[in-house]
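Trainee: Structure supplied as start34.cif; contents: mmCIF, C-alpha atoms.
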```cif
data_work
#
loop_
_atom_site.label_atom_id
_atom_site.label_comp_id
_atom_site.auth_asym_id
_atom_site.auth_seq_id
_atom_site.Cartn_x
_atom_site.Cartn_y
_atom_site.Cartn_z
CA MET A 1415 94.74 108.53 122.50
CA ASP A 1416 98.39 109.44 121.91
CA TRP A 1417 98.98 111.84 118.99
CA SER A 1418 102.05 109.95 117.79
CA TYR A 1419 100.02 106.74 117.65
CA LEU A 1420 97.31 108.46 115.61
CA ILE A 1421 99.93 109.54 113.09
CA ASP A 1422 101.31 106.00 112.97
CA ALA A 1423 97.83 104.50 112.45
CA ALA A 1424 96.91 107.10 109.81
CA SER A 1425 100.12 106.44 107.87
CA MET A 1426 99.43 102.69 107.91
CA LEU A 1427 95.92 103.08 106.52
CA LEU A 1428 96.95 105.68 103.96
CA ARG A 1429 99.93 103.62 102.79
CA TRP A 1430 97.70 100.59 102.37
CA LEU A 1431 95.07 102.51 100.39
CA HIS A 1432 97.76 104.30 98.36
CA LEU A 1433 99.23 100.94 97.40
CA ILE A 1434 95.84 99.52 96.39
CA VAL A 1435 94.80 102.42 94.13
CA GLY A 1436 98.34 102.76 92.82
CA ILE A 1437 98.29 99.15 91.66
CA ALA A 1438 94.98 99.83 89.90
CA TRP A 1439 96.40 102.89 88.12
CA ILE A 1440 99.71 101.30 87.13
CA GLY A 1441 97.95 98.13 86.04
CA ALA A 1442 95.62 100.09 83.76
CA SER A 1443 98.55 102.07 82.34
CA PHE A 1444 100.60 98.96 81.60
CA TYR A 1445 97.60 97.15 80.13
CA PHE A 1446 96.51 99.89 77.74
CA VAL A 1447 100.05 100.56 76.50
CA TRP A 1448 100.45 96.82 75.93
CA LEU A 1449 97.08 96.75 74.18
CA ASP A 1450 97.97 99.69 71.91
CA ASN A 1451 101.27 98.08 70.94
CA SER A 1452 99.72 94.65 70.38
CA LEU A 1453 96.75 95.58 68.17
CA LYS A 1454 96.67 94.18 64.64
CA PRO A 1455 94.74 95.60 61.65
CA PRO A 1456 91.34 93.85 61.49
CA LYS A 1457 90.85 91.25 58.76
CA ASP A 1458 87.08 91.66 58.69
CA PRO A 1459 86.19 94.30 56.00
CA LYS A 1460 83.11 95.28 58.00
CA LEU A 1461 85.26 96.28 60.97
CA VAL A 1462 87.42 98.40 58.68
CA GLU A 1463 84.29 100.09 57.30
CA ASP A 1464 83.16 100.80 60.85
CA GLY A 1465 86.45 102.62 61.52
CA VAL A 1466 88.24 99.97 63.60
CA GLY A 1467 91.97 100.54 63.28
CA GLY A 1468 93.15 97.56 65.32
CA GLU A 1469 91.94 94.58 67.27
CA LEU A 1470 93.26 91.85 69.52
CA TRP A 1471 92.09 88.42 70.58
CA ALA A 1472 93.01 87.40 74.13
CA MET A 1473 92.01 84.90 76.80
CA HIS A 1474 91.89 85.47 80.52
CA GLY A 1475 90.24 83.59 83.36
CA GLY A 1476 88.67 81.07 81.03
CA GLY A 1477 87.00 83.65 78.78
CA PHE A 1478 87.72 85.02 75.29
CA TYR A 1479 88.09 88.77 74.74
CA ASN A 1480 88.18 90.79 71.53
CA PRO A 1481 89.10 94.43 72.30
CA GLN A 1482 89.02 96.82 69.35
CA LYS A 1483 90.38 100.32 68.89
CA TYR A 1484 88.91 102.83 66.45
CA ALA A 1485 91.26 104.79 64.23
CA ASN A 1486 89.56 107.97 65.46
CA THR A 1487 86.00 107.63 66.79
CA PRO A 1488 83.14 105.13 66.28
CA LYS A 1489 80.21 106.08 64.09
CA HIS A 1490 77.84 105.95 67.03
CA LEU A 1491 78.50 106.84 70.67
CA PRO A 1492 77.75 103.88 72.99
CA GLU A 1493 75.41 104.40 75.93
CA ASP A 1494 77.81 102.82 78.43
CA LEU A 1495 81.26 104.38 78.08
CA HIS A 1496 83.95 103.85 80.73
CA PHE A 1497 86.58 106.44 81.65
CA PHE A 1498 89.74 105.57 83.58
CA PHE A 1499 90.59 108.43 85.88
CA TRP A 1500 89.69 107.61 89.48
CA PRO A 1501 92.70 105.32 90.05
CA SER A 1502 94.96 108.24 89.06
CA TYR A 1503 93.18 110.81 91.20
CA THR A 1504 92.90 108.59 94.28
CA THR A 1505 96.55 107.57 93.98
CA TRP A 1506 97.61 111.21 94.02
CA ILE A 1507 95.21 112.18 96.82
CA THR A 1508 96.25 109.31 99.09
CA GLY A 1509 99.90 109.94 98.22
CA PHE A 1510 99.65 113.61 99.14
CA LEU A 1511 97.88 112.79 102.41
CA LEU A 1512 100.54 110.19 103.16
CA ILE A 1513 103.45 112.53 102.50
CA SER A 1514 101.71 115.13 104.65
CA VAL A 1515 101.27 112.73 107.58
CA LEU A 1516 104.73 111.20 107.34
CA TYR A 1517 106.81 114.23 106.35
CA TYR A 1518 105.01 117.57 106.64
CA PHE A 1519 103.42 116.91 110.06
CA GLN A 1520 106.78 115.64 111.30
CA ALA A 1521 109.07 117.91 109.33
CA ALA A 1522 111.56 118.41 112.14
CA THR A 1523 112.16 114.65 112.21
CA TRP A 1524 111.89 113.53 108.59
CA MET A 1525 112.49 116.59 106.38
CA ILE A 1526 115.57 118.10 107.97
CA ASP A 1527 119.16 116.94 108.34
CA PRO A 1528 121.44 119.46 110.10
CA ALA A 1529 124.42 117.92 108.33
CA VAL A 1530 122.87 118.88 104.97
CA SER A 1531 121.44 122.36 105.54
CA SER A 1532 120.19 124.69 108.27
CA ILE A 1533 116.64 125.25 106.96
CA THR A 1534 113.68 125.33 109.34
CA PRO A 1535 110.83 122.77 109.36
CA GLY A 1536 108.48 125.35 107.82
CA GLN A 1537 110.93 126.10 105.03
CA SER A 1538 111.38 122.40 104.31
CA VAL A 1539 107.62 121.95 103.88
CA LEU A 1540 107.42 124.94 101.52
CA ILE A 1541 110.30 123.53 99.48
CA GLY A 1542 108.49 120.20 99.25
CA LEU A 1543 105.21 121.76 98.12
CA ALA A 1544 106.94 124.07 95.63
CA THR A 1545 108.71 121.08 94.11
CA LEU A 1546 105.38 119.44 93.25
CA VAL A 1547 104.05 122.58 91.55
CA ILE A 1548 107.24 123.60 89.73
CA GLY A 1549 107.77 120.04 88.51
CA TRP A 1550 104.41 120.02 86.73
CA VAL A 1551 104.73 123.53 85.28
CA VAL A 1552 108.19 122.87 83.80
CA TYR A 1553 107.21 119.47 82.40
CA ASP A 1554 103.99 120.81 80.87
CA GLN A 1555 105.71 123.74 79.19
CA LEU A 1556 108.45 121.50 77.81
CA ALA A 1557 105.84 119.10 76.48
CA ARG A 1558 103.85 121.91 74.85
CA LEU A 1559 106.97 123.22 73.10
CA LEU A 1560 108.69 119.99 72.13
CA ILE A 1561 106.32 117.02 72.23
CA GLU A 1562 105.43 117.28 68.53
CA ARG A 1563 108.86 118.47 67.40
CA SER A 1564 111.36 116.09 68.98
CA GLN A 1565 110.59 113.44 71.58
CA LEU A 1566 114.32 112.85 72.05
CA LEU A 1567 115.08 116.51 72.76
CA PHE A 1568 112.14 116.65 75.16
CA ALA A 1569 113.42 113.54 76.99
CA VAL A 1570 116.99 114.90 77.28
CA ILE A 1571 115.86 118.27 78.65
CA TYR A 1572 113.36 116.71 81.06
CA VAL A 1573 115.93 114.26 82.43
CA ALA A 1574 118.33 117.20 82.94
CA PHE A 1575 115.57 119.07 84.78
CA VAL A 1576 114.83 116.12 87.08
CA ALA A 1577 118.57 115.77 87.74
CA LEU A 1578 118.76 119.47 88.68
CA VAL A 1579 115.79 119.13 91.05
CA SER A 1580 117.39 116.03 92.61
CA TYR A 1581 120.68 117.88 93.13
CA VAL A 1582 118.98 120.88 94.74
CA LEU A 1583 116.76 118.81 97.03
CA CYS A 1584 119.64 116.56 98.12
CA ASN A 1585 121.46 119.72 99.22
CA LEU A 1586 118.48 121.14 101.11
CA LEU A 1587 116.48 118.25 102.60
CA ALA A 1588 117.28 115.03 104.42
CA GLY A 1589 118.20 112.33 101.92
CA ARG A 1590 115.06 110.25 102.22
CA ALA A 1591 112.86 113.37 102.03
CA ALA A 1592 114.72 114.52 98.90
CA TYR A 1593 114.17 111.18 97.18
CA ILE A 1594 110.50 110.94 98.12
CA HIS A 1595 109.88 114.47 96.82
CA VAL A 1596 111.51 113.76 93.47
CA GLY A 1597 109.20 110.76 93.20
CA ALA A 1598 106.20 112.81 94.34
CA MET A 1599 107.03 115.52 91.80
CA ILE A 1600 107.01 113.01 88.94
CA ALA A 1601 103.86 111.32 90.29
CA THR A 1602 102.14 114.72 90.47
CA THR A 1603 103.08 115.31 86.84
CA MET A 1604 101.61 111.94 85.89
CA SER A 1605 98.32 112.62 87.65
CA ALA A 1606 98.20 116.17 86.27
CA ASN A 1607 98.56 114.70 82.78
CA VAL A 1608 95.40 112.73 83.42
CA PHE A 1609 93.55 115.67 84.98
CA PHE A 1610 94.56 118.46 82.57
CA TRP A 1611 95.08 116.62 79.29
CA ILE A 1612 93.89 113.04 78.99
CA ILE A 1613 90.42 113.22 80.55
CA PRO A 1614 89.55 116.70 79.12
CA ALA A 1615 90.48 115.45 75.64
CA GLN A 1616 88.23 112.44 76.07
CA ARG A 1617 85.33 114.55 77.31
CA ARG A 1618 85.74 116.97 74.37
CA GLN A 1619 85.66 114.02 72.00
CA VAL A 1620 82.41 112.76 73.53
CA ALA A 1621 80.85 116.24 73.52
CA VAL A 1622 81.62 116.77 69.83
CA MET A 1623 80.24 113.34 68.94
CA LYS A 1624 77.00 114.06 70.81
CA GLU A 1625 76.61 117.22 68.73
CA GLY A 1626 77.19 115.27 65.54
CA GLY A 1627 80.52 116.91 64.75
CA GLU A 1628 83.83 115.43 63.62
CA VAL A 1629 86.45 114.93 66.31
CA PRO A 1630 89.95 116.27 65.44
CA ALA A 1631 92.40 113.33 65.55
CA ILE A 1632 95.02 115.56 67.21
CA TRP A 1633 93.05 115.52 70.47
CA GLY A 1634 93.43 111.80 70.89
CA LYS A 1635 97.04 111.90 69.71
CA ARG A 1636 98.08 114.46 72.31
CA ALA A 1637 96.28 112.60 75.10
CA LYS A 1638 97.97 109.36 74.07
CA GLN A 1639 101.38 111.03 74.09
CA ARG A 1640 100.86 112.13 77.69
CA SER A 1641 99.68 108.63 78.54
CA TYR A 1642 102.88 107.17 77.10
CA HIS A 1643 104.96 109.59 79.15
CA ASN A 1644 103.15 108.35 82.26
CA ASN A 1645 104.00 104.79 81.30
CA TYR A 1646 107.73 105.57 81.12
CA LEU A 1647 107.68 107.51 84.39
CA THR A 1648 106.06 104.70 86.40
CA LEU A 1649 109.17 102.67 87.26
CA PRO A 1650 111.25 105.71 88.35
CA VAL A 1651 108.40 106.80 90.64
CA LEU A 1652 108.11 103.35 92.17
CA PHE A 1653 111.82 103.29 92.96
CA ALA A 1654 111.68 106.72 94.60
CA MET A 1655 108.77 105.55 96.75
CA ILE A 1656 110.57 102.46 98.07
CA SER A 1657 113.99 104.13 98.38
CA ASN A 1658 113.41 105.21 102.00
CA HIS A 1659 114.04 101.58 102.98
CA TYR A 1660 117.55 101.62 101.49
CA ALA A 1661 119.79 104.12 103.21
CA SER A 1662 122.83 103.30 101.07
CA THR A 1663 121.13 105.14 98.18
CA TYR A 1664 119.90 108.39 99.71
CA SER A 1665 122.82 108.74 102.15
CA HIS A 1666 125.51 108.63 99.47
CA PRO A 1667 127.58 111.82 99.01
CA HIS A 1668 126.29 111.94 95.42
CA ALA A 1669 122.77 110.77 96.22
CA TRP A 1670 121.23 112.87 93.45
CA ALA A 1671 123.32 111.08 90.81
CA VAL A 1672 122.48 107.69 92.33
CA LEU A 1673 118.77 108.47 92.01
CA ILE A 1674 118.97 109.73 88.42
CA LEU A 1675 121.07 106.79 87.22
CA ILE A 1676 118.74 104.20 88.75
CA MET A 1677 115.73 106.00 87.27
CA LEU A 1678 117.42 106.10 83.86
CA GLY A 1679 118.12 102.37 84.05
CA ALA A 1680 114.45 101.74 84.87
CA VAL A 1681 113.29 103.82 81.88
CA LEU A 1682 115.52 101.82 79.51
CA ILE A 1683 114.06 98.57 80.83
CA ARG A 1684 110.52 99.92 80.40
CA HIS A 1685 111.38 100.97 76.83
CA PHE A 1686 112.39 97.41 76.01
CA PHE A 1687 109.00 96.07 77.05
CA ASN A 1688 107.12 98.77 75.13
CA LEU A 1689 109.06 97.87 71.99
CA ARG A 1690 108.63 94.16 72.64
CA HIS A 1691 104.84 94.58 72.65
CA LYS A 1692 105.21 95.82 69.07
CA GLY A 1693 107.25 92.77 68.13
CA ILE A 1694 110.56 94.69 68.21
CA ILE A 1695 113.22 92.93 70.30
CA ARG A 1696 116.09 95.21 71.37
CA TYR A 1697 118.04 93.54 74.15
CA GLU A 1698 120.56 96.37 74.33
CA TYR A 1699 118.00 98.46 76.24
CA PRO A 1700 117.42 96.12 79.22
CA ALA A 1701 121.10 95.11 79.17
CA THR A 1702 122.17 98.74 79.42
CA GLY A 1703 119.54 99.54 82.03
CA LEU A 1704 120.50 96.57 84.18
CA PHE A 1705 124.20 97.39 83.79
CA ILE A 1706 123.61 100.96 84.98
CA ILE A 1707 121.65 99.81 88.04
CA LEU A 1708 124.17 97.11 89.00
CA ALA A 1709 127.08 99.52 88.47
CA VAL A 1710 125.41 102.03 90.79
CA LEU A 1711 124.90 99.34 93.45
CA VAL A 1712 128.60 98.45 93.27
CA TRP A 1713 129.53 102.13 93.42
CA ILE A 1714 127.48 102.87 96.55
CA ALA A 1715 128.35 99.68 98.43
CA PRO A 1716 129.31 100.74 102.01
CA LYS A 1717 133.01 100.49 102.82
CA HIS A 1718 134.38 99.44 106.18
CA ALA A 1719 134.85 102.54 108.29
CA PRO A 1720 138.56 103.21 108.95
CA ILE A 1721 139.37 102.55 112.60
CA ALA A 1722 142.57 103.85 114.24
CA ALA A 1723 144.89 100.96 115.12
CA GLY A 1724 145.75 100.24 118.72
CA LYS A 1725 142.57 101.64 120.26
CA PRO A 1726 140.95 99.51 122.98
CA VAL A 1727 137.87 97.47 122.22
CA PRO A 1728 134.87 98.86 124.14
CA ALA A 1729 133.17 96.50 126.55
CA MET A 1730 129.47 95.70 126.11
CA THR A 1731 128.67 97.97 129.05
CA GLU A 1732 130.19 100.94 127.22
CA VAL A 1733 128.49 100.00 123.95
CA LYS A 1734 125.14 99.67 125.71
CA ALA A 1735 125.62 103.06 127.37
CA ILE A 1736 126.06 104.65 123.92
CA ILE A 1737 123.04 102.80 122.50
CA ASP A 1738 120.89 103.72 125.52
CA ALA A 1739 121.79 107.40 125.18
CA ARG A 1740 121.54 107.69 121.39
CA CYS A 1741 119.32 104.93 119.99
CA THR A 1742 116.70 103.58 122.40
CA GLY A 1743 114.58 106.70 122.13
CA CYS A 1744 113.32 105.12 118.88
CA HIS A 1745 114.44 101.50 119.24
CA ALA A 1746 113.07 99.97 122.43
CA GLU A 1747 110.03 98.12 123.69
CA LYS A 1748 108.78 101.45 125.02
CA PRO A 1749 110.55 104.19 123.02
CA THR A 1750 110.31 107.80 124.15
CA LEU A 1751 110.65 109.56 120.79
CA MET A 1752 108.41 107.34 118.66
CA PRO A 1753 105.09 105.55 119.29
CA THR A 1754 106.62 102.14 118.54
CA ALA A 1755 110.05 100.69 117.84
CA GLN A 1756 110.98 101.86 114.35
CA ALA A 1757 111.24 99.05 111.77
CA GLY A 1758 110.63 96.65 114.69
CA VAL A 1759 114.26 97.04 115.79
CA MET A 1760 114.73 97.09 119.58
CA LEU A 1761 118.15 97.77 121.14
CA ASP A 1762 117.34 97.93 124.85
CA THR A 1763 119.18 94.76 125.98
CA PRO A 1764 122.70 93.40 125.33
CA GLU A 1765 121.18 90.43 123.51
CA ARG A 1766 119.21 92.66 121.15
CA ILE A 1767 122.22 94.89 120.57
CA LYS A 1768 124.28 91.87 119.52
CA GLN A 1769 121.42 90.58 117.36
CA HIS A 1770 121.35 93.85 115.39
CA ALA A 1771 125.11 94.52 115.48
CA GLN A 1772 125.43 94.50 111.66
CA ARG A 1773 122.59 97.00 111.30
CA ILE A 1774 123.97 99.27 114.05
CA TYR A 1775 127.36 99.30 112.34
CA GLU A 1776 125.93 99.95 108.88
CA ARG A 1777 123.53 102.75 109.83
CA SER A 1778 125.48 104.56 112.57
CA VAL A 1779 129.11 104.03 111.49
CA GLN A 1780 129.23 103.40 107.73
CA LEU A 1781 126.30 105.47 106.46
CA LYS A 1782 125.81 107.73 109.50
CA THR A 1783 122.06 107.93 108.81
CA MET A 1784 121.20 107.02 112.39
CA PRO A 1785 120.22 108.49 114.74
CA LEU A 1786 117.72 110.10 112.38
CA GLY A 1787 118.95 113.63 111.70
CA ASN A 1788 121.33 112.91 114.59
CA VAL A 1789 118.58 114.15 116.88
CA THR A 1790 120.26 112.53 119.91
CA LYS A 1791 123.69 114.03 119.06
CA MET A 1792 125.78 110.88 118.61
CA THR A 1793 129.42 112.00 118.42
CA ASP A 1794 132.10 110.85 115.99
CA GLU A 1795 133.98 109.35 118.94
CA GLU A 1796 130.94 107.25 119.85
CA ARG A 1797 130.56 106.11 116.25
CA GLU A 1798 134.21 105.10 116.21
CA LYS A 1799 133.78 103.07 119.41
CA LEU A 1800 130.83 101.23 117.88
CA GLY A 1801 132.94 100.57 114.78
CA ILE A 1802 135.82 99.15 116.82
CA TRP A 1803 133.38 96.99 118.78
CA PHE A 1804 131.77 95.59 115.62
CA GLN A 1805 135.00 95.02 113.71
CA SER A 1806 136.41 93.21 116.74
CA GLY A 1807 133.62 90.67 116.67
CA ALA A 1808 130.74 92.51 118.36
CA LYS A 1809 131.34 90.63 121.60
#
```
Mind converting the file's structure to structure tokens?
Mentor:
Amino acid sequence: MDWSYLIDAASMLLRWLHLIVGIAWIGASFYFVWLDNSLKPPKDPKLVEDGVGGELWAMHGGGFYNPQKYANTPKHLPEDLHFFFWPSYTTWITGFLLISVLYYFQAATWMIDPAVSSITPGQSVLIGLATLVIGWVVYDQLARLLIERSQLLFAVIYVAFVALVSYVLCNLLAGRAAYIHVGAMIATTMSANVFFWIIPAQRRQVAVMKEGGEVPAIWGKRAKQRSYHNNYLTLPVLFAMISNHYASTYSHPHAWAVLILIMLGAVLIRHFFNLRHKGIIRYEYPATGLFIILAVLVWIAPKHAPIAAGKPVPAMTEVKAIIDARCTGCHAEKPTLMPTAQAGVMLDTPERIKQHAQRIYERSVQLKTMPLGNVTKMTDEEREKLGIWFQSGAK
């Protein structure tokens, strides 16, 4: 069986599994933050005596639910106690395997762009791995120093750190690899929060209760703070993970700023919903977030490539010769550089070339993100000819 096909099949299965467990993790995060913000003090004096700090009545699927949260710990430890950690761990594990299959095993194709830097495939992989580790270490140290002093100062410094990482990666790696690694760095931080802080705090609480001791309230408070950070980081991570489908973002000359601004807009929108769960309506947050995102989309909108006046319009035979030489290695019924036609786009006949004329123009002339890493050495003269052909009606 062909090695390239095995990589393709492995990435499909891993992406599918990653999506499934990721939905489970994000769903649990959103639900518990909503639950925390929606709890009301119990009206039943007996519940208050038992230590219940808040409760909620809800209905779902035809059934009534009454979740309760204790101010610190219950008087008695229940026999059946559920922990929520496997969705986090499996999301990170499948994500790391996926980034390894898609990027690290194919670093020469996906991690490197000669127009950006002259690093080797091995160096690009080391940069990617180091980003994951450094991202967690810096975040954790900032949180230890500032989380109980000033949440605002922590947020400002952490955003500046992520912006710095984005700038560095966008000047070392191919654009889509830079974006995916910023997302992976934040996702690693989120999962590490669960592994190093949230679950250990919960297990310490249970251990102390079993011994009959009193659980320090600070343990739960610190774990909850990390959980809230994860909640705010979710939307930025999701954008980074889907960004590889949108070349106008990662191919922009200031791609790092594009990424940070869109992430910031997403955080403001998330903040609105977290406040709304508490009954606080602040429309300025989603309005500002949406404005930032829309402004970025206007800013990065591709412009028509300038074409020198008076130059002859290439015939389809000349256009097809360029496409055959530079594009069909990845975009054909039987490509030579990839196991299957990438994104399902095939350019091996005049009819198919005309069908995808807009996409050819956008990716090879306006954004210059294709051929990938310019592996087939498309020249500026060839790009100009494709631009003239498209702007003249793609006949």
Trainee: Where does region 1675-1765 of chain A meet region 1793-1799 of chain A within 12 Å, residue by residue, with the nearest atom pair and distance in Å to one decimal for each, counting only C-alpha atoms, listed by chain and rising number, as JSON lines?
Mentor:
```
{"residue": "A:His1718", "atom": "CA", "partner": "A:Glu1798", "partner_atom": "CA", "distance": 11.5}
{"residue": "A:Ala1719", "atom": "CA", "partner": "A:Glu1798", "partner_atom": "CA", "distance": 8.3}
{"residue": "A:Pro1720", "atom": "CA", "partner": "A:Glu1798", "partner_atom": "CA", "distance": 8.7}
{"residue": "A:Ile1721", "atom": "CA", "partner": "A:Glu1798", "partner_atom": "CA", "distance": 6.8}
{"residue": "A:Ala1722", "atom": "CA", "partner": "A:Glu1798", "partner_atom": "CA", "distance": 8.7}
{"residue": "A:Ala1723", "atom": "CA", "partner": "A:Glu1798", "partner_atom": "CA", "distance": 11.5}
{"residue": "A:Lys1725", "atom": "CA", "partner": "A:Lys1799", "partner_atom": "CA", "distance": 8.9}
{"residue": "A:Pro1726", "atom": "CA", "partner": "A:Lys1799", "partner_atom": "CA", "distance": 8.8}
{"residue": "A:Val1727", "atom": "CA", "partner": "A:Lys1799", "partner_atom": "CA", "distance": 7.5}
{"residue": "A:Pro1728", "atom": "CA", "partner": "A:Lys1799", "partner_atom": "CA", "distance": 6.4}
{"residue": "A:Ala1729", "atom": "CA", "partner": "A:Lys1799", "partner_atom": "CA", "distance": 9.7}
{"residue": "A:Met1730", "atom": "CA", "partner": "A:Lys1799", "partner_atom": "CA", "distance": 10.9}
{"residue": "A:Glu1732", "atom": "CA", "partner": "A:Lys1799", "partner_atom": "CA", "distance": 8.9}
{"residue": "A:Val1733", "atom": "CA", "partner": "A:Lys1799", "partner_atom": "CA", "distance": 7.6}
{"residue": "A:Lys1734", "atom": "CA", "partner": "A:Glu1796", "partner_atom": "CA", "distance": 11.2}
{"residue": "A:Ala1735", "atom": "CA", "partner": "A:Glu1796", "partner_atom": "CA", "distance": 10.1}
{"residue": "A:Ile1736", "atom": "CA", "partner": "A:Glu1796", "partner_atom": "CA", "distance": 6.9}
{"residue": "A:Ile1737", "atom": "CA", "partner": "A:Glu1796", "partner_atom": "CA", "distance": 9.4}
{"residue": "A:Ala1739", "atom": "CA", "partner": "A:Glu1796", "partner_atom": "CA", "distance": 10.6}
{"residue": "A:Arg1740", "atom": "CA", "partner": "A:Thr1793", "partner_atom": "CA", "distance": 9.5}
{"residue": "A:Cys1741", "atom": "CA", "partner": "A:Glu1796", "partner_atom": "CA", "distance": 11.9}
```
Trainee: Apply the PyMOL selection byres ((chain A and resi 1784) around 12) to the structure shown and report the selected residues as a ChimeraX atom specification.
Mentor: /A:1523-1524,1527,1588,1661,1665,1737,1740-1745,1756,1773-1783,1785-1793,1797
Trainee: I'd like to know which of A:Gly1542, A:Gly1679, A:Gly1509, A:Pro1650 is closest to Leu1586 (chain A), using all atoms listed in the file.
Mentor: A:Gly1542
Trainee: For Glu1562 (chain A), which residue among A:Lys1809, A:Lys1635, A:Arg1590, A:Lys1624 is the nearest when counting only C-alpha atoms?
Mentor: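 Nearest candidate to Glu1562 (chain A) out of A:Lys1809, A:Lys1635, A:Arg1590, A:Lys1624: A:Lys1635.
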Trainee: I'd like a table as CSV: residues in region 1505-1586 of chain A with an atom no more than 8 Å from region 1595-1607 of chain A, each row giving the shortest atom pair and its distance in Å to one decimal, all atoms listed in the file counted, sorted by chain and rising residue number.
Mentor:
```
residue,atom,partner,partner_atom,distance
A:Trp1506,CA,A:Ser1605,CA,6.6
A:Gly1509,CA,A:Ala1598,CA,7.9
A:Gly1542,CA,A:His1595,CA,6.4
A:Thr1545,CA,A:Met1599,CA,6.3
A:Leu1546,CA,A:Met1599,CA,4.5
A:Val1547,CA,A:Met1599,CA,7.7
A:Gly1549,CA,A:Met1599,CA,5.6
A:Trp1550,CA,A:Thr1603,CA,4.9
A:Tyr1553,CA,A:Thr1603,CA,7.4
A:Val1576,CA,A:Val1596,CA,7.6
A:Val1579,CA,A:Val1596,CA,7.3
A:Ser1580,CA,A:Val1596,CA,6.4
```
Trainee: Hey, which of A:Thr1508, A:Ser1425, A:Asn1585, A:Thr1487 ends up closest to Ile1533 (chain A)? Count only C-alpha atoms.
Mentor: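 Answer, going by the shortest atom-to-atom distance: A:Asn1585.
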Trainee: Using the chain letters and numbers from the file, give me the residues hit by the PyMOL selection byres ((chain A and resi 1681) around 9), as a list in words.
Mentor: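 Checking the PyMOL selection byres ((chain A and resi 1681) around 9) against this file, the residues are Tyr1646, Leu1647, Thr1648, Leu1649, Pro1650, Ile1676, Met1677, Leu1678, Gly1679, Ala1680, Leu1682, Ile1683, Arg1684, His1685, Phe1686 and Gly1703 of chain A.
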Trainee: Go through A:Leu1761, A:Val1672, A:Ile1513, A:Val1608 one by one, measure the shortest atom-to-atom distance of each to Ser1641 (chain A) using all atoms listed in the file, and give the residue with the smallest value.
Mentor: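 Using all atoms listed in the file, Ser1641 (chain A) sits closest to A:Val1608.
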Trainee: For region 1467-1470 of chain A, please output as a count of residues only all residues within 9 Å (counting all atoms listed in the file; exclusion window: fewer than 2 positions along the same chain).
Mentor: 19
Trainee: Report, in Å with one decimal, the straight-line distance from CA of Met1473 (chain A) to CA of Gly1441 (chain A).
Mentor: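 For CA of Met1473 (chain A) relative to CA of Gly1441 (chain A), the distance reads 17.2 Å.
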Trainee: Could you tell me which residues the PyMOL selection byres ((chain A and resi 1511) around 12) returns for this structure, as an MDAnalysis selection string?
Mentor: chainID A and resid 1421 1424:1429 1431:1432 1504:1510 1512:1519 1598
Trainee: From the list A:Asn1688, A:Ser1443, A:Gln1520, A:Thr1750, which residue is nearest Pro1535 (chain A) when using all atoms listed in the file?
Mentor: A:Gln1520
Trainee: Quick check, in Å to one decimal: how far apart do CA of Ile1767 (chain A) and CA of Glu1747 (chain A) lie?
Mentor: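 Going from CA of Ile1767 (chain A) over to CA of Glu1747 (chain A) covers 13.0 Å.
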Trainee: Determine, counting only C-alpha atoms, which protein, DNA and RNA residues have an atom within 7 Å of an atom of Pro1501 (chain A); residues of the same chain fewer than 2 positions away are not included. Present the result as an MDAnalysis selection string.
Mentor: chainID A and resid 1435:1436 1438:1439 1499 1503:1505
Trainee: Mind pulling up the distance from CA of Gln1805 (chain A) to CA of Glu1765 (chain A)?
Mentor: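 We find that CA of Glu1765 (chain A) and CA of Gln1805 (chain A) lie 17.6 Å from each other.
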Trainee: For His1668 (chain A), work out the shell of residues within 12 Å, counting only C-alpha atoms and skipping chain neighbours fewer than 3 positions away, then give it as an mmCIF file with C-alpha atoms, in the frame of the given file.
Mentor:
```cif
data_model
loop_
_atom_site.group_PDB
_atom_site.id
_atom_site.type_symbol
_atom_site.label_atom_id
_atom_site.label_comp_id
_atom_site.auth_asym_id
_atom_site.auth_seq_id
_atom_site.Cartn_x
_atom_site.Cartn_y
_atom_site.Cartn_z
ATOM 1 C CA ALA A 1577 118.570 115.770 87.740
ATOM 2 C CA SER A 1580 117.390 116.030 92.610
ATOM 3 C CA TYR A 1581 120.680 117.880 93.130
ATOM 4 C CA VAL A 1582 118.980 120.880 94.740
ATOM 5 C CA LEU A 1583 116.760 118.810 97.030
ATOM 6 C CA CYS A 1584 119.640 116.560 98.120
ATOM 7 C CA ASN A 1585 121.460 119.720 99.220
ATOM 8 C CA GLY A 1589 118.200 112.330 101.920
ATOM 9 C CA SER A 1662 122.830 103.300 101.070
ATOM 10 C CA THR A 1663 121.130 105.140 98.180
ATOM 11 C CA TYR A 1664 119.900 108.390 99.710
ATOM 12 C CA SER A 1665 122.820 108.740 102.150
ATOM 13 C CA ALA A 1671 123.320 111.080 90.810
ATOM 14 C CA VAL A 1672 122.480 107.690 92.330
ATOM 15 C CA LEU A 1673 118.770 108.470 92.010
ATOM 16 C CA ILE A 1674 118.970 109.730 88.420
ATOM 17 C CA LEU A 1675 121.070 106.790 87.220
ATOM 18 C CA VAL A 1710 125.410 102.030 90.790
ATOM 19 C CA TRP A 1713 129.530 102.130 93.420
ATOM 20 C CA ILE A 1714 127.480 102.870 96.550
#
```
Trainee: Restricting the calculation to all atoms listed in the file, which member of A:Tyr1419, A:Leu1652, A:Ala1808, A:Ala1637 is positioned closest to Ile1561 (chain A)?
Mentor: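 Of all the options, A:Ala1637 lies closest to Ile1561 (chain A).
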